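S.K.: If it helps, the file is called structure.txt and holds compact mmCIF, C-alpha atoms:
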```txt
# COMPACT_ATOMS: atom_id res chain seq x y z
CA MET A 1 14.71 -7.55 -16.94
CA ILE A 2 11.62 -5.32 -16.80
CA THR A 3 11.39 -2.92 -13.88
CA ILE A 4 8.28 -0.82 -13.24
CA GLY A 5 7.91 2.26 -11.07
CA LEU A 6 6.58 5.81 -10.84
CA THR A 7 7.87 9.36 -11.15
CA GLY A 8 8.37 10.62 -7.61
CA TRP A 9 7.43 8.86 -4.39
CA GLY A 10 5.49 11.54 -2.51
CA ASP A 11 2.19 11.69 -4.39
CA HIS A 12 0.74 8.17 -4.44
CA PRO A 13 -1.75 7.83 -1.55
CA THR A 14 -2.69 4.23 -2.32
CA LEU A 15 0.86 3.13 -1.46
CA TYR A 16 1.09 4.51 2.07
CA SER A 17 -0.28 3.31 5.38
CA ASP A 18 -2.59 5.46 7.49
CA VAL A 19 0.30 6.47 9.74
CA THR A 20 2.94 7.16 7.09
CA SER A 21 4.70 10.49 7.59
CA ALA A 22 6.17 12.51 4.73
CA ARG A 23 9.69 11.36 5.59
CA ASP A 24 8.63 7.69 5.44
CA LYS A 25 6.91 7.77 2.06
CA LEU A 26 9.97 6.55 0.14
CA PHE A 27 10.27 3.53 2.44
CA ASP A 28 6.60 2.67 1.94
CA TYR A 29 6.94 3.24 -1.80
CA SER A 30 9.88 0.81 -1.96
CA GLY A 31 7.63 -1.90 -0.58
CA HIS A 32 5.67 -1.78 -3.86
CA PHE A 33 8.11 -0.87 -6.63
CA PRO A 34 11.88 -1.38 -7.12
CA ILE A 35 12.58 1.86 -9.02
CA VAL A 36 11.57 5.52 -8.88
CA GLU A 37 12.31 8.70 -10.76
CA VAL A 38 13.83 11.55 -8.76
CA ASP A 39 11.91 14.35 -10.43
CA THR A 40 12.76 17.05 -7.86
CA SER A 41 16.31 17.13 -9.24
CA PHE A 42 14.90 18.92 -12.28
CA TYR A 43 14.22 21.96 -10.09
CA ALA A 44 17.23 21.79 -7.74
CA ILE A 45 20.18 19.41 -7.61
CA PRO A 46 19.91 17.36 -4.40
CA ASN A 47 22.75 17.57 -1.92
CA ASN A 48 24.63 14.45 -0.89
CA SER A 49 22.97 14.23 2.53
CA HIS A 50 19.58 13.77 0.86
CA VAL A 51 20.95 11.18 -1.54
CA GLU A 52 22.61 9.25 1.28
CA LYS A 53 19.31 9.22 3.18
CA TRP A 54 17.33 7.99 0.15
CA CYS A 55 19.86 5.24 -0.54
CA SER A 56 20.01 4.11 3.09
CA GLU A 57 16.25 3.78 3.51
CA THR A 58 15.63 1.71 0.37
CA PRO A 59 16.45 -1.97 -0.29
CA HIS A 60 19.92 -2.80 -1.62
CA ASN A 61 18.64 -3.52 -5.15
CA PHE A 62 16.40 -0.42 -5.37
CA GLN A 63 17.16 1.89 -8.30
CA PHE A 64 16.78 5.61 -8.98
CA VAL A 65 16.29 7.41 -12.29
CA LEU A 66 17.86 10.82 -11.74
CA LYS A 67 16.27 13.58 -13.81
CA ALA A 68 18.72 16.16 -15.14
CA TYR A 69 18.59 19.67 -13.74
CA GLN A 70 16.62 22.15 -15.87
CA GLY A 71 19.65 24.37 -16.44
CA MET A 72 21.39 21.45 -18.17
CA THR A 73 18.56 20.79 -20.60
CA GLY A 74 17.71 24.34 -21.67
CA HIS A 75 14.43 24.62 -19.79
CA GLN A 76 15.93 27.38 -17.65
CA ARG A 77 18.53 29.68 -19.19
CA ASP A 78 18.63 32.71 -16.90
CA ASP A 79 19.25 33.22 -13.19
CA LEU A 80 20.97 29.89 -12.69
CA PRO A 81 22.36 29.48 -9.15
CA TYR A 82 25.84 28.63 -10.49
CA GLU A 83 28.66 30.89 -11.55
CA THR A 84 29.52 28.81 -14.62
CA ARG A 85 28.02 26.02 -16.66
CA ASN A 86 30.86 23.75 -15.54
CA ASP A 87 29.94 24.40 -11.90
CA MET A 88 26.38 23.34 -12.67
CA PHE A 89 27.40 20.11 -14.37
CA ASN A 90 29.95 19.31 -11.67
CA ALA A 91 27.31 19.70 -8.96
CA PHE A 92 25.01 17.33 -10.82
CA ILE A 93 27.81 14.82 -11.43
CA GLU A 94 28.62 14.79 -7.71
CA CYS A 95 24.98 14.03 -6.96
CA ALA A 96 24.80 11.23 -9.55
CA GLN A 97 28.04 9.70 -8.32
CA CYS A 98 26.58 9.51 -4.83
CA PHE A 99 23.81 7.26 -6.19
CA GLN A 100 26.43 5.31 -8.16
CA LYS A 101 28.52 4.74 -5.06
CA HIS A 102 25.60 2.80 -3.58
CA GLY A 103 24.91 0.94 -6.84
CA LYS A 104 21.52 2.62 -7.10
CA LEU A 105 21.72 4.77 -10.24
CA ALA A 106 19.68 3.24 -13.07
CA VAL A 107 20.05 6.11 -15.55
CA VAL A 108 20.28 9.87 -15.77
CA LEU A 109 17.22 11.18 -17.62
CA VAL A 110 18.04 14.13 -19.86
CA GLN A 111 14.65 15.42 -20.98
CA PHE A 112 14.90 18.19 -23.55
CA PRO A 113 12.14 20.80 -23.88
CA PRO A 114 9.52 20.94 -26.67
CA TRP A 115 11.46 23.67 -28.48
CA PHE A 116 14.62 21.52 -28.65
CA ASP A 117 14.20 20.54 -32.29
CA CYS A 118 16.32 18.54 -34.70
CA THR A 119 19.05 21.01 -35.68
CA ALA A 120 22.81 20.82 -35.99
CA LYS A 121 23.20 23.14 -33.01
CA ASN A 122 21.13 20.87 -30.78
CA VAL A 123 22.93 17.75 -31.97
CA GLN A 124 26.17 19.43 -31.00
CA TYR A 125 24.74 20.30 -27.58
CA MET A 126 23.84 16.66 -26.99
CA ARG A 127 27.46 15.78 -27.72
CA TYR A 128 28.47 18.38 -25.14
CA VAL A 129 26.14 16.86 -22.52
CA LYS A 130 27.53 13.41 -23.25
CA GLN A 131 31.06 14.75 -22.85
CA GLN A 132 30.20 16.38 -19.53
CA LEU A 133 28.43 13.29 -18.15
CA VAL A 134 30.86 10.88 -19.75
CA HIS A 135 30.85 8.21 -17.02
CA LEU A 136 27.10 8.23 -16.42
CA PRO A 137 24.34 6.24 -18.19
CA ILE A 138 22.37 8.90 -20.07
CA ALA A 139 18.82 8.46 -21.30
CA VAL A 140 17.66 11.12 -23.77
CA GLU A 141 14.01 12.13 -24.02
CA PHE A 142 12.84 14.26 -26.92
CA ARG A 143 9.67 16.32 -26.83
CA ASN A 144 9.75 17.57 -30.38
CA GLN A 145 8.46 15.58 -33.34
CA THR A 146 11.22 16.69 -35.72
CA TRP A 147 13.57 14.07 -34.25
CA TYR A 148 11.17 11.38 -35.48
CA ALA A 149 10.25 12.87 -38.86
CA LYS A 150 10.20 10.37 -41.71
CA ASP A 151 13.61 11.42 -43.04
CA MET A 152 15.21 11.84 -39.59
CA LYS A 153 14.03 9.02 -37.34
CA HIS A 154 16.68 6.53 -38.49
CA LYS A 155 19.41 9.16 -38.16
CA THR A 156 18.23 10.11 -34.67
CA LEU A 157 18.28 6.54 -33.44
CA GLN A 158 21.63 5.90 -35.09
CA PHE A 159 23.07 8.99 -33.41
CA LEU A 160 21.93 7.69 -30.02
CA ARG A 161 23.49 4.29 -30.71
CA GLU A 162 26.80 5.71 -31.89
CA ASN A 163 27.06 7.94 -28.83
CA GLU A 164 25.95 5.22 -26.39
CA LEU A 165 22.87 7.18 -25.40
CA ILE A 166 19.75 5.43 -24.13
CA HIS A 167 16.58 6.09 -26.07
CA THR A 168 13.67 7.20 -23.88
CA VAL A 169 10.48 5.87 -25.41
CA CYS A 170 7.43 7.97 -24.55
CA ASP A 171 3.72 7.36 -24.47
CA GLU A 172 2.05 10.76 -24.56
CA PRO A 173 -0.70 12.64 -26.40
CA GLN A 174 0.01 13.41 -30.03
CA ALA A 175 -0.55 17.14 -29.83
CA GLY A 176 1.57 18.70 -32.54
CA ALA A 177 5.26 19.55 -32.76
CA GLY A 178 5.79 19.64 -29.00
CA SER A 179 5.13 15.95 -28.50
CA ALA A 180 6.91 12.77 -29.53
CA PRO A 181 5.46 9.59 -31.06
CA LEU A 182 5.84 6.23 -29.37
CA VAL A 183 8.88 4.60 -31.02
CA PRO A 184 9.66 1.34 -29.19
CA VAL A 185 13.30 1.08 -30.24
CA ALA A 186 16.25 0.54 -27.89
CA THR A 187 19.62 2.08 -28.73
CA ALA A 188 21.67 0.65 -25.84
CA ASP A 189 21.62 -2.23 -23.36
CA LYS A 190 19.11 -0.22 -21.34
CA ALA A 191 15.78 1.24 -22.43
CA LEU A 192 13.51 3.69 -20.64
CA LEU A 193 9.76 3.99 -21.21
CA ARG A 194 8.05 7.01 -19.64
CA ILE A 195 4.26 6.90 -19.64
CA HIS A 196 2.72 10.37 -19.48
CA GLY A 197 -0.96 9.62 -20.16
CA ARG A 198 -3.01 10.46 -23.23
CA ASN A 199 -4.88 13.56 -22.11
CA ILE A 200 -4.58 15.48 -25.36
CA HIS A 201 -6.80 18.34 -24.17
CA GLY A 202 -4.71 18.81 -21.03
CA TRP A 203 -1.48 18.55 -23.01
CA ARG A 204 -2.53 21.38 -25.29
CA ASN A 205 -4.33 23.49 -22.69
CA ALA A 206 -2.53 22.93 -19.42
CA GLY A 207 -3.96 26.01 -17.73
CA ASN A 208 -2.01 28.44 -15.58
CA ALA A 209 1.39 27.96 -13.99
CA GLN A 210 -0.11 26.77 -10.71
CA ASN A 211 -2.07 23.77 -12.00
CA TRP A 212 -0.50 22.78 -15.33
CA ARG A 213 0.93 19.52 -14.00
CA LYS A 214 -2.40 18.44 -12.51
CA VAL A 215 -4.16 19.09 -15.82
CA ARG A 216 -1.56 17.67 -18.19
CA PHE A 217 -0.98 14.36 -16.40
CA LEU A 218 -4.59 13.58 -15.48
CA TYR A 219 -5.24 10.26 -17.18
CA ASP A 220 -6.28 6.71 -16.32
CA TYR A 221 -5.16 4.00 -18.78
CA ASN A 222 -7.84 1.45 -19.65
CA GLU A 223 -7.25 -2.27 -20.01
CA GLU A 224 -6.82 -2.21 -23.78
CA GLU A 225 -4.28 0.60 -23.56
CA LEU A 226 -2.29 -1.22 -20.88
CA GLN A 227 -2.31 -4.36 -23.02
CA GLY A 228 -0.86 -2.30 -25.87
CA LEU A 229 1.87 -0.90 -23.60
CA ALA A 230 2.70 -4.42 -22.44
CA ALA A 231 3.24 -5.47 -26.06
CA HIS A 232 5.65 -2.57 -26.62
CA ILE A 233 7.53 -3.45 -23.44
CA ARG A 234 7.93 -7.05 -24.56
CA ALA A 235 9.34 -5.76 -27.85
CA LEU A 236 11.84 -3.58 -25.97
CA GLN A 237 12.77 -6.57 -23.81
CA GLN A 238 13.99 -8.32 -26.96
CA GLN A 239 16.31 -5.40 -27.73
CA ALA A 240 17.75 -4.40 -24.34
CA LYS A 241 19.07 -6.10 -21.23
CA ASP A 242 17.14 -3.81 -18.87
CA VAL A 243 13.84 -2.06 -19.53
CA TYR A 244 12.77 0.61 -17.05
CA VAL A 245 9.10 1.66 -17.10
CA LEU A 246 7.91 4.79 -15.29
CA PHE A 247 4.32 6.00 -15.01
CA ASN A 248 4.02 9.80 -14.89
CA ASN A 249 0.20 10.12 -14.91
CA ASN A 250 0.24 11.03 -11.23
CA SER A 251 -2.14 13.93 -10.81
CA GLY A 252 -5.32 11.86 -10.40
CA GLY A 253 -3.75 9.03 -8.42
CA HIS A 254 -3.86 6.67 -11.41
CA ALA A 255 -0.14 5.99 -11.88
CA ALA A 256 0.29 3.44 -9.09
CA LEU A 257 -2.85 1.49 -10.01
CA ASN A 258 -1.93 1.48 -13.71
CA ALA A 259 1.60 0.31 -12.87
CA LYS A 260 0.30 -2.51 -10.66
CA ARG A 261 -2.03 -3.69 -13.43
CA LEU A 262 0.75 -3.56 -16.02
CA GLN A 263 2.89 -5.66 -13.67
CA GLU A 264 0.11 -8.26 -13.61
CA LEU A 265 -0.21 -8.24 -17.38
CA LEU A 266 3.52 -8.86 -17.73
CA SER A 267 3.46 -11.56 -15.01
CA ILE A 268 6.28 -9.87 -13.10
CA GLU A 269 7.05 -10.44 -9.42
CA PHE A 270 9.50 -8.00 -7.87
CA GLU A 271 11.94 -9.43 -5.35
CA GLY A 272 13.75 -7.66 -2.54
CA LEU A 273 11.09 -5.02 -1.85
CA ALA A 274 10.91 -3.30 1.51
CA PRO A 275 8.52 -4.87 4.02
CA LYS A 276 5.06 -3.34 3.78
CA GLN A 277 3.54 -1.59 6.78
CA MET A 278 0.75 -3.44 8.59
CA ASN A 279 -2.57 -1.79 9.28
CA MET A 280 -3.90 -2.97 12.65
CA PHE A 281 -7.46 -3.33 11.47
CA GLU A 282 -7.19 -4.09 7.76
CA GLY A 283 -4.09 -6.26 7.51
CA GLU A 284 -1.43 -5.77 4.86
CA PHE A 285 -2.31 -3.34 2.07
```
Kindly present the structure from the file in structure tokens form.

M.R.:
Amino acid sequence: MITIGLTGWGDHPTLYSDVTSARDKLFDYSGHFPIVEVDTSFYAIPNNSHVEKWCSETPHNFQFVLKAYQGMTGHQRDDLPYETRNDMFNAFIECAQCFQKHGKLAVVLVQFPPWFDCTAKNVQYMRYVKQQLVHLPIAVEFRNQTWYAKDMKHKTLQFLRENELIHTVCDEPQAGAGSAPLVPVATADKALLRIHGRNIHGWRNAGNAQNWRKVRFLYDYNEEELQGLAAHIRALQQQAKDVYVLFNNNSGGHAALNAKRLQELLSIEFEGLAPKQMNMFEGEF
């Protein structure tokens, strides 16, 4: 099964009605796509009341990809709001289990930073993360090319298989060591494809801290590029039971439109979506 969605549900204006409030955006989103990435969990672990609300206002078959908290992946090392590392992991596990309780957790996305390179120390840390999140489906995303070097790629993929870790395939600009090539290989019964755009200038020169996300993920895939992605997705479909596809090129409003076009190219119809809002003058959007 191929499931397509976006990263986050609050920044896709083409998906909402004219009267949609901020608190209703997830409901409107779930009328278009059956899966979404919770990207806010990277910055702060959601409490159970938020998770319960998100699960209750989405269809029964809707799925969430829960992004790991930045303190777990090494993005943030100081001033963590937890007394111990175990406290941090336990808080995240409680959050993930809340999604699981409702049958709505697709995977936990553990995205490592660009400086997380292929070393014995980092391999050992991945084992530690797996041990901590032992009962959760973990998808690993690398952002360092050393994991896919000619003499390491096979070993990397084999490590993921042996440890029952899901390989996150990425489409992103090839901008040196801090980026990963597109390697359409599944290592478990699930596969995750995250589509970041191909804005190589923005990837290398993301600007200041206030606007880096807008610059880096500003990209609109053309028809030929979407056809190429569709071919990779079909290849992953032959290797895994479930293939989750998430568009992350959100900053220019292109993600939703690209995802809709990819859905057409793959001839996919999603069932069980939330009812779409009706616009009094324009009909259904």

S.K.: Which residues are near A:Val134? Cut-off 12 Å, only C-alpha atoms, ignore same chain within fewer than 3 positions. Put them as a JSON list (two decimals) with C-alpha atoms, in the coordinates of the input.

M.R.:
```json
[["chain", "number", "residue", "atom", "x", "y", "z"],
["A", 89, "PHE", "CA", 27.40, 20.11, -14.37],
["A", 90, "ASN", "CA", 29.95, 19.31, -11.67],
["A", 93, "ILE", "CA", 27.81, 14.82, -11.43],
["A", 96, "ALA", "CA", 24.80, 11.23, -9.55],
["A", 97, "GLN", "CA", 28.04, 9.70, -8.32],
["A", 108, "VAL", "CA", 20.28, 9.87, -15.77],
["A", 126, "MET", "CA", 23.84, 16.66, -26.99],
["A", 127, "ARG", "CA", 27.46, 15.78, -27.72],
["A", 128, "TYR", "CA", 28.47, 18.38, -25.14],
["A", 129, "VAL", "CA", 26.14, 16.86, -22.52],
["A", 130, "LYS", "CA", 27.53, 13.41, -23.25],
["A", 131, "GLN", "CA", 31.06, 14.75, -22.85],
["A", 137, "PRO", "CA", 24.34, 6.24, -18.19],
["A", 138, "ILE", "CA", 22.37, 8.90, -20.07],
["A", 163, "ASN", "CA", 27.06, 7.94, -28.83],
["A", 164, "GLU", "CA", 25.95, 5.22, -26.39],
["A", 165, "LEU", "CA", 22.87, 7.18, -25.40]]
```

S.K.: I'd like to know which of A:Gln124, A:Gln158, A:Thr168, A:Gln263 is closest to A:Val107, using all atoms listed in the file.

M.R.: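 The answer is A:Thr168, which sits nearest to A:Val107.
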
S.K.: Every residue with an atom at most 6 Å from (17.2, 11.4, -22.9) (file coordinates; all atoms listed in the file) is what I'm after, so could you write them as a PyMOL selection string?

M.R.: chain A and resi 109-111+139-141+168

S.K.: Would you list the contacts of A:Tyr219 as a list in words, taking every protein, DNA or RNA residue within 8 Å and counting all atoms listed in the file, but skipping same-chain residues closer than 5 positions in sequence?

M.R.: Gly197, Arg198, Asn199, Asn249, Ser251, Gly252 and His254 of chain A

S.K.: Taking 3 positions as the minimum chain separation for residues in the same chain, which residues sit within 9 Å of stretch 143-148 of chain A when counting only C-alpha atoms? Answer as a ChimeraX atom specification.

M.R.: /A:111-119,151-157,170,176-181,183

S.K.: Could you check how far atom CA of A:Arg216 sits from atom CA of A:Ala231, in Å to one decimal?

M.R.: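 We find that atom CA of A:Arg216 and atom CA of A:Ala231 lie 24.9 Å from each other.
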